[in-house]
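Containing compact mmCIF, C-alpha atoms: structure34.txt.
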# COMPACT_ATOMS: atom_id res chain seq x y z
CA MET A 11 5.63 19.34 -0.64
CA VAL A 12 3.12 18.90 -3.47
CA GLU A 13 3.48 15.70 -5.48
CA ARG A 14 4.01 16.24 -9.16
CA GLU A 15 1.57 14.54 -11.49
CA GLY A 16 2.03 12.67 -14.74
CA CYS A 17 2.77 9.21 -16.07
CA GLY A 18 6.31 9.42 -14.65
CA GLN A 19 4.95 9.82 -11.12
CA ALA A 20 3.08 6.55 -10.65
CA GLY A 21 3.25 6.69 -6.87
CA THR A 22 5.20 8.08 -3.95
CA VAL A 23 5.95 7.18 -0.36
CA TRP A 24 3.22 9.59 0.72
CA SER A 25 0.68 7.34 -0.97
CA GLY A 26 2.24 4.15 0.38
CA HIS A 27 4.14 3.32 -2.79
CA PRO A 28 7.12 1.01 -2.05
CA LEU A 29 10.60 1.80 -3.34
CA LEU A 30 12.74 -0.97 -4.83
CA THR A 31 16.50 -1.30 -4.52
CA ALA A 32 18.78 -4.07 -5.75
CA ARG A 33 18.13 -6.21 -2.66
CA LEU A 34 15.40 -4.42 -0.73
CA ARG A 35 11.78 -3.40 -0.85
CA LEU A 36 11.21 -0.20 1.12
CA ARG A 37 7.56 -0.48 2.05
CA PRO A 38 5.09 0.93 4.59
CA PHE A 39 5.09 -0.72 7.99
CA ARG A 40 2.19 -2.95 8.99
CA GLU A 41 0.81 -4.43 12.20
CA ALA A 42 2.51 -7.77 11.52
CA ASP A 43 5.92 -6.04 11.81
CA ILE A 44 5.53 -5.25 15.52
CA SER A 45 7.18 -8.41 16.87
CA ARG A 46 10.04 -8.17 14.38
CA ILE A 47 10.68 -4.50 15.20
CA ALA A 48 10.81 -5.35 18.91
CA ALA A 49 13.18 -8.25 18.31
CA LEU A 50 15.60 -6.15 16.28
CA LEU A 51 15.60 -3.11 18.59
CA ASP A 52 15.75 -4.93 21.92
CA ASP A 53 19.51 -4.93 21.42
CA TRP A 54 21.72 -2.41 23.20
CA GLU A 55 24.40 -2.47 20.51
CA THR A 56 21.82 -1.49 17.90
CA VAL A 57 20.22 1.38 19.81
CA ARG A 58 22.95 2.79 22.07
CA LEU A 59 24.03 5.49 19.58
CA THR A 60 20.52 6.43 18.43
CA ALA A 61 18.73 9.52 19.72
CA ASN A 62 15.19 8.38 20.49
CA ILE A 63 15.00 4.58 20.64
CA PRO A 64 14.36 3.37 24.21
CA PHE A 65 16.02 0.34 25.78
CA PRO A 66 14.86 -2.24 26.69
CA PHE A 67 12.56 -2.16 23.67
CA THR A 68 9.20 -3.94 23.81
CA GLU A 69 6.30 -4.63 21.49
CA ASP A 70 4.45 -1.77 23.17
CA HIS A 71 7.28 0.54 22.09
CA ALA A 72 7.02 -0.84 18.54
CA ARG A 73 3.26 -0.27 18.48
CA ALA A 74 3.71 3.30 19.74
CA PHE A 75 6.32 3.89 17.03
CA LEU A 76 3.98 2.73 14.27
CA ASP A 77 1.11 4.81 15.66
CA GLY A 78 3.36 7.87 15.87
CA MET A 79 4.66 7.45 12.34
CA ALA A 80 1.14 6.94 11.00
CA ALA A 81 0.14 10.25 12.60
CA LYS A 82 3.20 11.97 11.12
CA ALA A 83 2.45 10.62 7.66
CA SER A 84 -1.16 11.73 7.92
CA ALA A 85 0.00 15.26 8.85
CA ARG A 86 2.66 15.21 6.10
CA LYS A 87 5.38 15.48 8.74
CA GLY A 88 7.34 12.35 7.83
CA VAL A 89 7.38 8.81 6.49
CA ALA A 90 8.93 5.61 7.88
CA LEU A 91 9.56 2.60 5.65
CA ALA A 92 10.43 -0.97 6.51
CA MET A 93 13.57 -2.33 4.85
CA GLU A 94 12.45 -5.74 3.60
CA ARG A 95 14.84 -8.17 1.90
CA THR A 96 13.53 -9.14 -1.54
CA LEU A 97 15.00 -12.63 -1.27
CA ASP A 98 13.12 -13.85 1.81
CA ARG A 99 10.67 -11.01 2.65
CA GLN A 100 12.39 -10.53 6.01
CA MET A 101 12.29 -7.07 7.60
CA VAL A 102 15.85 -6.01 8.46
CA GLY A 103 15.55 -2.35 9.43
CA CYS A 104 13.90 1.02 8.98
CA ILE A 105 14.51 4.14 6.92
CA GLY A 106 12.58 7.37 6.61
CA PHE A 107 12.52 11.12 6.89
CA GLY A 108 10.92 13.80 9.03
CA LEU A 109 9.89 17.38 8.27
CA GLU A 110 9.69 18.75 11.79
CA HIS A 111 12.07 21.70 11.47
CA ASP A 112 12.00 23.92 8.38
CA GLY A 113 10.37 21.49 5.97
CA THR A 114 13.73 20.09 4.87
CA PRO A 115 13.78 16.27 5.09
CA GLU A 116 15.83 14.92 7.99
CA LEU A 117 16.95 11.39 7.14
CA GLY A 118 17.08 8.54 9.62
CA TYR A 119 17.68 4.81 9.47
CA TRP A 120 18.68 1.74 11.44
CA VAL A 121 19.54 -1.85 10.55
CA GLY A 122 19.33 -4.88 12.83
CA ARG A 123 22.70 -6.10 14.02
CA GLU A 124 22.46 -9.41 12.14
CA ASP A 125 22.60 -7.46 8.86
CA TRP A 126 25.36 -4.97 9.68
CA GLY A 127 28.22 -4.66 7.21
CA LYS A 128 26.21 -5.71 4.15
CA GLY A 129 25.67 -2.27 2.64
CA LEU A 130 21.90 -2.37 3.09
CA ALA A 131 21.62 1.05 4.75
CA THR A 132 23.65 2.66 1.96
CA GLU A 133 21.52 0.97 -0.69
CA ALA A 134 18.29 2.07 0.97
CA LEU A 135 19.49 5.63 1.54
CA HIS A 136 20.56 6.00 -2.11
CA ARG A 137 17.03 5.07 -3.15
CA LEU A 138 15.25 7.30 -0.64
CA VAL A 139 17.41 10.31 -1.50
CA ARG A 140 16.68 9.84 -5.20
CA HIS A 141 12.97 9.69 -4.45
CA LEU A 142 13.11 12.87 -2.36
CA PHE A 143 14.99 14.80 -5.03
CA ALA A 144 13.75 13.35 -8.32
CA ASP A 145 10.13 12.53 -7.46
CA LEU A 146 9.18 14.81 -4.57
CA GLY A 147 11.25 17.81 -5.62
CA TYR A 148 12.97 18.69 -2.34
CA GLU A 149 16.02 20.93 -2.65
CA ARG A 150 18.05 19.68 0.33
CA VAL A 151 18.24 16.77 2.76
CA TRP A 152 20.19 16.45 6.00
CA ALA A 153 21.01 13.97 8.76
CA SER A 154 22.99 13.77 11.96
CA ALA A 155 25.05 10.92 13.36
CA HIS A 156 26.50 10.26 16.79
CA PRO A 157 30.20 11.18 16.83
CA ASN A 158 31.03 7.59 17.81
CA ASN A 159 28.88 6.06 15.08
CA THR A 160 31.54 5.74 12.39
CA ALA A 161 29.47 3.29 10.32
CA SER A 162 26.48 5.63 10.13
CA ARG A 163 28.62 8.59 9.13
CA ARG A 164 30.22 6.47 6.40
CA VAL A 165 26.77 5.63 5.01
CA LEU A 166 25.96 9.33 4.73
CA GLU A 167 29.24 10.03 2.99
CA LYS A 168 28.69 7.20 0.50
CA VAL A 169 25.52 8.81 -0.80
CA GLY A 170 27.35 12.10 -1.27
CA MET A 171 26.41 13.97 1.90
CA VAL A 172 28.98 16.42 3.21
CA SER A 173 29.75 17.96 6.58
CA ALA A 174 27.45 20.85 7.53
CA GLY A 175 28.56 21.60 11.09
CA HIS A 176 27.24 20.25 14.38
CA ALA A 177 23.95 20.30 16.26
CA MET A 178 23.07 19.58 19.87
CA ILE A 179 20.77 16.56 19.69
CA GLY A 180 18.92 15.27 22.72
CA MET A 181 19.15 11.58 23.54
CA PRO A 182 16.26 11.00 25.99
CA PRO A 183 16.98 7.27 26.57
CA SER A 184 20.42 8.14 27.98
CA GLY A 185 19.40 11.49 29.48
CA GLN A 186 22.02 13.53 27.66
CA SER A 187 22.53 15.85 24.71
CA VAL A 188 25.34 15.30 22.25
CA ALA A 189 27.00 17.62 19.74
CA MET A 190 26.43 15.50 16.67
CA PRO A 191 28.03 16.01 13.25
CA VAL A 192 25.48 17.15 10.68
CA PHE A 193 25.63 16.12 7.03
CA ALA A 194 23.69 17.64 4.14
CA LEU A 195 23.17 17.17 0.41
CA GLU A 196 21.78 19.67 -2.11
CA ARG A 197 19.71 18.49 -5.05
CA GLU A 198 22.05 20.11 -7.57
CA ALA A 199 25.06 18.27 -6.13
CA TRP A 200 23.11 15.01 -6.07
CA ALA A 201 22.00 15.45 -9.70
CA SER A 202 25.58 16.08 -10.82
CA ARG A 203 26.85 13.00 -9.00
CA HIS A 204 23.91 10.85 -10.10
CA GLY A 205 24.40 11.87 -13.73
CA MET A 206 27.91 10.41 -13.70
CA ARG A 207 26.80 6.85 -12.94
CA PRO A 208 27.71 4.39 -15.72
CA MET A 209 25.28 2.87 -18.19
CA VAL A 210 25.49 -0.94 -18.23
CA LEU A 211 24.14 -3.00 -21.14
CA VAL A 212 23.08 -6.58 -20.37
CA ALA A 213 21.40 -9.11 -22.70
CA ALA A 214 18.95 -11.62 -21.20
CA ALA A 215 17.13 -14.69 -22.48
CA ALA A 216 13.75 -16.24 -21.78
CA LEU A 217 14.41 -19.88 -22.62
CA ILE A 218 11.04 -21.53 -23.29
CA ASP A 219 10.68 -25.31 -23.30
CA ALA A 220 8.16 -27.53 -25.10
CA ASP A 221 5.74 -27.23 -22.16
CA GLY A 222 5.80 -23.44 -22.29
CA ARG A 223 7.87 -23.11 -19.12
CA VAL A 224 10.53 -20.42 -18.73
CA LEU A 225 14.01 -21.01 -17.33
CA LEU A 226 15.18 -18.84 -14.44
CA ALA A 227 18.58 -18.88 -12.75
CA THR A 228 19.70 -17.54 -9.39
CA ARG A 229 22.37 -14.88 -9.11
CA PRO A 230 25.51 -16.87 -8.14
CA PRO A 231 27.01 -16.59 -4.63
CA GLY A 232 29.43 -13.72 -4.24
CA ARG A 233 27.77 -11.52 -6.85
CA PRO A 234 25.48 -8.54 -6.23
CA MET A 235 21.89 -9.64 -5.55
CA ALA A 236 23.04 -13.23 -4.96
CA GLY A 237 20.15 -15.68 -4.64
CA LEU A 238 17.58 -13.66 -6.57
CA TRP A 239 16.04 -15.29 -9.65
CA GLU A 240 16.72 -13.74 -13.06
CA PHE A 241 16.56 -14.41 -16.77
CA PRO A 242 19.92 -15.91 -17.84
CA GLY A 243 22.33 -13.64 -19.66
CA GLY A 244 25.13 -11.22 -18.98
CA LYS A 245 27.01 -8.04 -19.80
CA VAL A 246 27.65 -6.98 -23.36
CA HIS A 247 31.40 -6.57 -23.87
CA PRO A 248 32.89 -3.65 -25.83
CA GLY A 249 32.55 -4.37 -29.55
CA GLU A 250 29.85 -7.03 -29.05
CA THR A 251 26.24 -6.85 -30.14
CA PRO A 252 23.62 -7.88 -27.57
CA GLU A 253 22.90 -10.96 -29.68
CA ASP A 254 26.55 -12.06 -29.79
CA ALA A 255 26.89 -11.44 -26.05
CA LEU A 256 23.83 -13.55 -25.29
CA VAL A 257 25.03 -16.48 -27.41
CA ARG A 258 28.36 -16.33 -25.56
CA GLU A 259 26.79 -15.99 -22.11
CA LEU A 260 24.38 -18.89 -22.62
CA ALA A 261 27.29 -21.11 -23.64
CA GLU A 262 29.41 -20.02 -20.66
CA GLU A 263 26.68 -20.08 -18.01
CA LEU A 264 24.47 -22.95 -19.17
CA GLY A 265 26.54 -24.97 -21.64
CA ILE A 266 24.00 -24.62 -24.44
CA ASP A 267 24.52 -23.62 -28.04
CA THR A 268 22.15 -21.20 -29.70
CA GLY A 269 22.54 -18.94 -32.66
CA ARG A 270 21.60 -15.36 -33.46
CA SER A 271 18.82 -16.65 -35.72
CA CYS A 272 17.19 -18.36 -32.73
CA LEU A 273 16.86 -15.09 -30.76
CA ALA A 274 13.57 -13.20 -30.91
CA PRO A 275 13.68 -9.75 -29.23
CA ILE A 276 10.49 -9.24 -27.22
CA GLY A 277 11.14 -6.33 -24.86
CA PHE A 278 13.64 -4.52 -22.69
CA ALA A 279 14.16 -3.11 -19.21
CA SER A 280 15.61 0.28 -18.28
CA HIS A 281 16.32 0.49 -14.56
CA ASP A 282 18.14 2.92 -12.29
CA TYR A 283 20.13 1.11 -9.59
CA ASP A 284 21.42 4.48 -8.27
CA THR A 285 25.09 3.54 -8.70
CA PHE A 286 24.56 2.48 -12.35
CA HIS A 287 21.76 2.45 -14.91
CA LEU A 288 20.89 -0.88 -16.52
CA LEU A 289 19.58 -1.41 -20.05
CA MET A 290 18.56 -5.01 -20.69
CA PRO A 291 16.96 -6.32 -23.89
CA LEU A 292 15.12 -9.62 -23.45
CA TYR A 293 15.13 -12.30 -26.16
CA ALA A 294 12.86 -15.34 -26.39
CA VAL A 295 14.69 -18.59 -27.17
CA ARG A 296 12.81 -21.77 -28.11
CA VAL A 297 15.56 -23.67 -29.93
CA TRP A 298 19.01 -24.61 -28.58
CA GLU A 299 21.43 -27.51 -28.51
CA GLY A 300 22.42 -29.17 -25.24
CA VAL A 301 20.84 -29.36 -21.80
CA PRO A 302 20.93 -26.20 -19.64
CA THR A 303 23.36 -26.93 -16.82
CA PRO A 304 24.47 -24.54 -14.05
CA ARG A 305 28.17 -23.84 -14.62
CA GLU A 306 28.70 -20.86 -12.29
CA GLY A 307 27.25 -22.02 -8.99
CA GLN A 308 23.73 -20.84 -9.80
CA GLN A 309 20.48 -22.77 -9.38
CA LEU A 310 18.08 -23.37 -12.27
CA THR A 311 14.31 -23.86 -12.33
CA TRP A 312 11.61 -24.09 -14.99
CA VAL A 313 8.61 -21.89 -14.18
CA GLN A 314 5.17 -21.57 -15.68
CA PRO A 315 4.62 -18.01 -16.98
CA SER A 316 1.74 -17.51 -14.54
CA ARG A 317 4.12 -18.17 -11.61
CA LEU A 318 7.00 -15.93 -12.67
CA GLY A 319 5.68 -13.12 -10.50
CA ASP A 320 6.04 -15.32 -7.42
CA MET A 321 9.82 -15.52 -7.78
CA PRO A 322 12.01 -13.00 -5.91
CA MET A 323 13.76 -11.11 -8.72
CA PRO A 324 16.06 -8.12 -9.16
CA PRO A 325 13.91 -5.05 -9.83
CA ALA A 326 15.13 -4.75 -13.44
CA ASP A 327 13.75 -8.22 -14.27
CA ILE A 328 10.28 -7.61 -12.82
CA PRO A 329 8.82 -5.54 -15.71
CA LEU A 330 10.13 -8.12 -18.18
CA VAL A 331 7.70 -10.68 -16.74
CA ALA A 332 4.67 -8.75 -18.00
CA GLN A 333 6.31 -8.20 -21.38
CA LEU A 334 7.05 -11.92 -21.70
CA ARG A 335 3.52 -12.95 -20.71
CA ALA A 336 2.03 -10.55 -23.26
CA TRP A 337 4.34 -11.92 -25.98
CA MET A 338 3.54 -15.55 -25.15

Can you give me the file's structure in the form of structure tokens?
Amino acid sequence: MVEREGCGQAGTVWSGHPLLTARLRLRPFREADISRIAALLDDWETVRLTANIPFPFTEDHARAFLDGMAAKASARKGVALAMERTLDRQMVGCIGFGLEHDGTPELGYWVGREDWGKGLATEALHRLVRHLFADLGYERVWASAHPNNTASRRVLEKVGMVSAGHAMIGMPPSGQSVAMPVFALEREAWASRHGMRPMVLVAAAALIDADGRVLLATRPPGRPMAGLWEFPGGKVHPGETPEDALVRELAEELGIDTGRSCLAPIGFASHDYDTFHLLMPLYAVRVWEGVPTPREGQQLTWVQPSRLGDMPMPPADIPLVAQLRAWM
């Protein structure tokens, strides 16, 4: 598959470009991951329904895996990416694709048992499928799942993949072959489904104090992307303007009073989260009444502009950092 060129194609997984999801960074593996890979896969419950992962699993196995995937990537036969949590930079699993058969990407993934049931595989697969269709131009993707692996089959269904028969898949670690259900997704069907995702409008504020520091707040517990740092703000309700919504949200979340005249629009973010598309204008605020106080279980911190990039943020907030620095 030839990569398309242009300003909209800044980088792909073939060139080592990471993919961002709401909570994950899908990045190339590195030597430092070997011990973590071995720790996650030396677990029978994690590997027992996989086709090619040996058990017990050692660091030598992990090193051989990385060497093999590096050779595949070099030959344009496949790519493997580490699933890394944005919040703490911890590797939690693997996702990738191979092109061994007819050049159609075969998807594969696993998640360490400690992170089962959190929707991370679904989130990662949404992002990889979009990359394969929208950026790399493939027409079809497919995957198989062990008939007893209900969770894996559910992940495939959540991204829109449908039943495409069965295939005899060898499982060398257990010395058997299994008739596994096969799932597939065509680009046209994906595009139709993807085009129906909602557009969400959110207004955000960069509160700037007398020392030039910027206020960040964590996503509250129980909400998507909990724990990540973001610019305060919230959704624009039907009938509201972004400015009115921001004044309301700052009062509700932080207990401060600001007016529309105190808001200076400085930029905006447009980000595809796969299940919805986010538009988020950012306003600079230097004048308000009251002391910012966390009212929704979030944490607050004042950060120098030069350190904003060090904070783990939702992907939609990241480009706003550069816009804010340029404005300041």

Hey, what's within 7 Å of range 52-55 of chain A if we count only C-alpha atoms and toss same-chain stuff fewer than 6 positions away? As a list in words, please? Phe65, Pro66, Phe67 and Thr68 of chain A

Find the residues around range 299-311 of chain A up to 8 Å (all atoms listed in the file counted), leave out those fewer than 4 positions away in its own chain, and share them as an NGL selection string. :A and (225-231 or 262-268)

Contacts of range 139-144 of chain A at 8 Å (only C-alpha atoms; same-chain gap of 6+ positions) as a ChimeraX atom specification: /A:22,150-151,197,284

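Remark: for Ala155 in chain A, the closest of the candidate residues A:Thr60, A:Thr114, A:Thr132, A:Gln333 is A:Thr60 (distances computed over only C-alpha atoms).
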
Take CA of Trp120 in chain A and CA of Phe193 in chain A and report the distance between them in Å, one decimal. 16.6 Å

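You will find CA of Ala42 in chain A at 18.1 Å from CA of Val121 in chain A.
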
Quick check, in Å to one decimal: how far apart do CA of Ala74 in chain A and CA of His111 in chain A lie?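 Separation between CA of Ala74 in chain A and CA of His111 in chain A: 21.8 Å.
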
Counting only C-alpha atoms, which residues have an atom no more than 12 Å from (7.0, 5.8, 13.6) in the file's coordinates? Please list them as a PDB file with C-alpha atoms, in the coordinates of the input.
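Okay, result.pdb is ready:
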ATOM      1  CA  PRO A  38       5.090   0.930   4.590  1.00  0.00           C
ATOM      2  CA  PHE A  39       5.090  -0.720   7.990  1.00  0.00           C
ATOM      3  CA  ARG A  40       2.190  -2.950   8.990  1.00  0.00           C
ATOM      4  CA  ILE A  44       5.530  -5.250  15.520  1.00  0.00           C
ATOM      5  CA  ILE A  47      10.680  -4.500  15.200  1.00  0.00           C
ATOM      6  CA  ASN A  62      15.190   8.380  20.490  1.00  0.00           C
ATOM      7  CA  ILE A  63      15.000   4.580  20.640  1.00  0.00           C
ATOM      8  CA  HIS A  71       7.280   0.540  22.090  1.00  0.00           C
ATOM      9  CA  ALA A  72       7.020  -0.840  18.540  1.00  0.00           C
ATOM     10  CA  ARG A  73       3.260  -0.270  18.480  1.00  0.00           C
ATOM     11  CA  ALA A  74       3.710   3.300  19.740  1.00  0.00           C
ATOM     12  CA  PHE A  75       6.320   3.890  17.030  1.00  0.00           C
ATOM     13  CA  LEU A  76       3.980   2.730  14.270  1.00  0.00           C
ATOM     14  CA  ASP A  77       1.110   4.810  15.660  1.00  0.00           C
ATOM     15  CA  GLY A  78       3.360   7.870  15.870  1.00  0.00           C
ATOM     16  CA  MET A  79       4.660   7.450  12.340  1.00  0.00           C
ATOM     17  CA  ALA A  80       1.140   6.940  11.000  1.00  0.00           C
ATOM     18  CA  ALA A  81       0.140  10.250  12.600  1.00  0.00           C
ATOM     19  CA  LYS A  82       3.200  11.970  11.120  1.00  0.00           C
ATOM     20  CA  ALA A  83       2.450  10.620   7.660  1.00  0.00           C
ATOM     21  CA  SER A  84      -1.160  11.730   7.920  1.00  0.00           C
ATOM     22  CA  LYS A  87       5.380  15.480   8.740  1.00  0.00           C
ATOM     23  CA  GLY A  88       7.340  12.350   7.830  1.00  0.00           C
ATOM     24  CA  VAL A  89       7.380   8.810   6.490  1.00  0.00           C
ATOM     25  CA  ALA A  90       8.930   5.610   7.880  1.00  0.00           C
ATOM     26  CA  LEU A  91       9.560   2.600   5.650  1.00  0.00           C
ATOM     27  CA  ALA A  92      10.430  -0.970   6.510  1.00  0.00           C
ATOM     28  CA  CYS A 104      13.900   1.020   8.980  1.00  0.00           C
ATOM     29  CA  ILE A 105      14.510   4.140   6.920  1.00  0.00           C
ATOM     30  CA  GLY A 106      12.580   7.370   6.610  1.00  0.00           C
ATOM     31  CA  PHE A 107      12.520  11.120   6.890  1.00  0.00           C
ATOM     32  CA  GLY A 108      10.920  13.800   9.030  1.00  0.00           C
ATOM     33  CA  GLY A 118      17.080   8.540   9.620  1.00  0.00           C
ATOM     34  CA  TYR A 119      17.680   4.810   9.470  1.00  0.00           C
TER      35      TYR A 119
END

Nearest residue to Ala48 in chain A out of A:Leu146, A:Ala32, A:Met101, A:Leu217, using all atoms listed in the file? A:Met101

In terms of the shortest atom-to-atom distance over only C-alpha atoms, which of A:Leu50, A:Met290, A:Val165, A:Val297 is closest to Pro252 in chain A?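 Closest candidate: A:Met290.
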
Might you pull out every residue within 12 Å of Gly269 in chain A, with only C-alpha atoms counted and same-chain residues fewer than 6 positions away left off, and present them as a PyMOL selection string? chain A and resi 253-261+293+295-299

Those selected residues, please, written with C-alpha atoms and delivered as a PDB file, in the frame of the given file.
ATOM      1  CA  GLU A 253      22.900 -10.960 -29.680  1.00  0.00           C
ATOM      2  CA  ASP A 254      26.550 -12.060 -29.790  1.00  0.00           C
ATOM      3  CA  ALA A 255      26.890 -11.440 -26.050  1.00  0.00           C
ATOM      4  CA  LEU A 256      23.830 -13.550 -25.290  1.00  0.00           C
ATOM      5  CA  VAL A 257      25.030 -16.480 -27.410  1.00  0.00           C
ATOM      6  CA  ARG A 258      28.360 -16.330 -25.560  1.00  0.00           C
ATOM      7  CA  GLU A 259      26.790 -15.990 -22.110  1.00  0.00           C
ATOM      8  CA  LEU A 260      24.380 -18.890 -22.620  1.00  0.00           C
ATOM      9  CA  ALA A 261      27.290 -21.110 -23.640  1.00  0.00           C
ATOM     10  CA  TYR A 293      15.130 -12.300 -26.160  1.00  0.00           C
ATOM     11  CA  VAL A 295      14.690 -18.590 -27.170  1.00  0.00           C
ATOM     12  CA  ARG A 296      12.810 -21.770 -28.110  1.00  0.00           C
ATOM     13  CA  VAL A 297      15.560 -23.670 -29.930  1.00  0.00           C
ATOM     14  CA  TRP A 298      19.010 -24.610 -28.580  1.00  0.00           C
ATOM     15  CA  GLU A 299      21.430 -27.510 -28.510  1.00  0.00           C
TER      16      GLU A 299
END

Need the shell around Arg33 in chain A: protein/DNA/RNA residues with any atom at most 9 Å away, counting all atoms listed in the file. Skip same-chain ones fewer than 5 positions apart. Format as a PyMOL selection string? chain A and resi 94-97+130+133+234-236+238+323-325

Counting all atoms listed in the file, closest pick from A:Ala85, A:Ala326, A:Val210, A:Ala336 relative to Leu109 in chain A is A:Ala85

Nearest to Gly127 in chain A, chosen from A:Ser162, A:Trp152, A:Ile328, A:Gly147, with only C-alpha atoms counted in the distances: A:Ser162

Pick out the closest residue to Leu195 in chain A from this set: A:Arg123, A:Ala134, A:Leu117, A:Ala161. Count only C-alpha atoms.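 Nearest candidate to Leu195 in chain A out of A:Arg123, A:Ala134, A:Leu117, A:Ala161: A:Leu117.
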
Some atoms are absent from range 250-265 of chain A, so rebuild N, CA, C and O atoms and return them as a PDB file, in the frame of the given file.
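As written to disk, rebuild.pdb reads:
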ATOM      1  N   GLU A 250      30.844  -5.985 -28.836  1.00  0.00           N
ATOM      2  CA  GLU A 250      29.850  -7.030 -29.050  1.00  0.00           C
ATOM      3  C   GLU A 250      28.480  -6.427 -29.340  1.00  0.00           C
ATOM      4  O   GLU A 250      28.155  -5.335 -28.867  1.00  0.00           O
ATOM      5  N   THR A 251      27.661  -7.164 -30.051  1.00  0.00           N
ATOM      6  CA  THR A 251      26.240  -6.850 -30.140  1.00  0.00           C
ATOM      7  C   THR A 251      25.536  -7.576 -28.994  1.00  0.00           C
ATOM      8  O   THR A 251      26.069  -8.567 -28.449  1.00  0.00           O
ATOM      9  N   PRO A 252      24.353  -7.146 -28.602  1.00  0.00           N
ATOM     10  CA  PRO A 252      23.620  -7.880 -27.570  1.00  0.00           C
ATOM     11  C   PRO A 252      23.383  -9.335 -27.948  1.00  0.00           C
ATOM     12  O   PRO A 252      23.444 -10.230 -27.092  1.00  0.00           O
ATOM     13  N   GLU A 253      23.152  -9.588 -29.247  1.00  0.00           N
ATOM     14  CA  GLU A 253      22.900 -10.960 -29.680  1.00  0.00           C
ATOM     15  C   GLU A 253      24.155 -11.829 -29.515  1.00  0.00           C
ATOM     16  O   GLU A 253      24.087 -12.960 -29.015  1.00  0.00           O
ATOM     17  N   ASP A 254      25.308 -11.299 -29.939  1.00  0.00           N
ATOM     18  CA  ASP A 254      26.550 -12.060 -29.790  1.00  0.00           C
ATOM     19  C   ASP A 254      26.851 -12.305 -28.311  1.00  0.00           C
ATOM     20  O   ASP A 254      27.308 -13.388 -27.926  1.00  0.00           O
ATOM     21  N   ALA A 255      26.625 -11.288 -27.484  1.00  0.00           N
ATOM     22  CA  ALA A 255      26.890 -11.440 -26.050  1.00  0.00           C
ATOM     23  C   ALA A 255      26.004 -12.518 -25.450  1.00  0.00           C
ATOM     24  O   ALA A 255      26.451 -13.316 -24.625  1.00  0.00           O
ATOM     25  N   LEU A 256      24.746 -12.562 -25.865  1.00  0.00           N
ATOM     26  CA  LEU A 256      23.830 -13.550 -25.290  1.00  0.00           C
ATOM     27  C   LEU A 256      24.199 -14.964 -25.703  1.00  0.00           C
ATOM     28  O   LEU A 256      24.164 -15.890 -24.884  1.00  0.00           O
ATOM     29  N   VAL A 257      24.577 -15.154 -26.972  1.00  0.00           N
ATOM     30  CA  VAL A 257      25.030 -16.480 -27.410  1.00  0.00           C
ATOM     31  C   VAL A 257      26.231 -16.927 -26.582  1.00  0.00           C
ATOM     32  O   VAL A 257      26.309 -18.074 -26.124  1.00  0.00           O
ATOM     33  N   ARG A 258      27.169 -16.010 -26.360  1.00  0.00           N
ATOM     34  CA  ARG A 258      28.360 -16.330 -25.560  1.00  0.00           C
ATOM     35  C   ARG A 258      27.995 -16.631 -24.108  1.00  0.00           C
ATOM     36  O   ARG A 258      28.457 -17.625 -23.539  1.00  0.00           O
ATOM     37  N   GLU A 259      27.149 -15.806 -23.517  1.00  0.00           N
ATOM     38  CA  GLU A 259      26.790 -15.990 -22.110  1.00  0.00           C
ATOM     39  C   GLU A 259      26.030 -17.293 -21.885  1.00  0.00           C
ATOM     40  O   GLU A 259      26.258 -17.989 -20.892  1.00  0.00           O
ATOM     41  N   LEU A 260      25.135 -17.650 -22.793  1.00  0.00           N
ATOM     42  CA  LEU A 260      24.380 -18.890 -22.620  1.00  0.00           C
ATOM     43  C   LEU A 260      25.294 -20.104 -22.715  1.00  0.00           C
ATOM     44  O   LEU A 260      25.087 -21.113 -22.036  1.00  0.00           O
ATOM     45  N   ALA A 261      26.317 -20.013 -23.557  1.00  0.00           N
ATOM     46  CA  ALA A 261      27.290 -21.110 -23.640  1.00  0.00           C
ATOM     47  C   ALA A 261      28.122 -21.190 -22.372  1.00  0.00           C
ATOM     48  O   ALA A 261      28.361 -22.281 -21.841  1.00  0.00           O
ATOM     49  N   GLU A 262      28.558 -20.027 -21.848  1.00  0.00           N
ATOM     50  CA  GLU A 262      29.410 -20.020 -20.660  1.00  0.00           C
ATOM     51  C   GLU A 262      28.639 -20.399 -19.402  1.00  0.00           C
ATOM     52  O   GLU A 262      29.138 -21.157 -18.568  1.00  0.00           O
ATOM     53  N   GLU A 263      27.427 -19.880 -19.253  1.00  0.00           N
ATOM     54  CA  GLU A 263      26.680 -20.080 -18.010  1.00  0.00           C
ATOM     55  C   GLU A 263      25.912 -21.395 -17.974  1.00  0.00           C
ATOM     56  O   GLU A 263      25.799 -22.016 -16.917  1.00  0.00           O
ATOM     57  N   LEU A 264      25.377 -21.804 -19.145  1.00  0.00           N
ATOM     58  CA  LEU A 264      24.470 -22.950 -19.170  1.00  0.00           C
ATOM     59  C   LEU A 264      24.964 -24.102 -20.033  1.00  0.00           C
ATOM     60  O   LEU A 264      24.347 -25.171 -20.036  1.00  0.00           O
ATOM     61  N   GLY A 265      26.027 -23.901 -20.796  1.00  0.00           N
ATOM     62  CA  GLY A 265      26.540 -24.970 -21.640  1.00  0.00           C
ATOM     63  C   GLY A 265      25.651 -25.313 -22.811  1.00  0.00           C
ATOM     64  O   GLY A 265      25.656 -26.450 -23.294  1.00  0.00           O
TER      65      GLY A 265
END
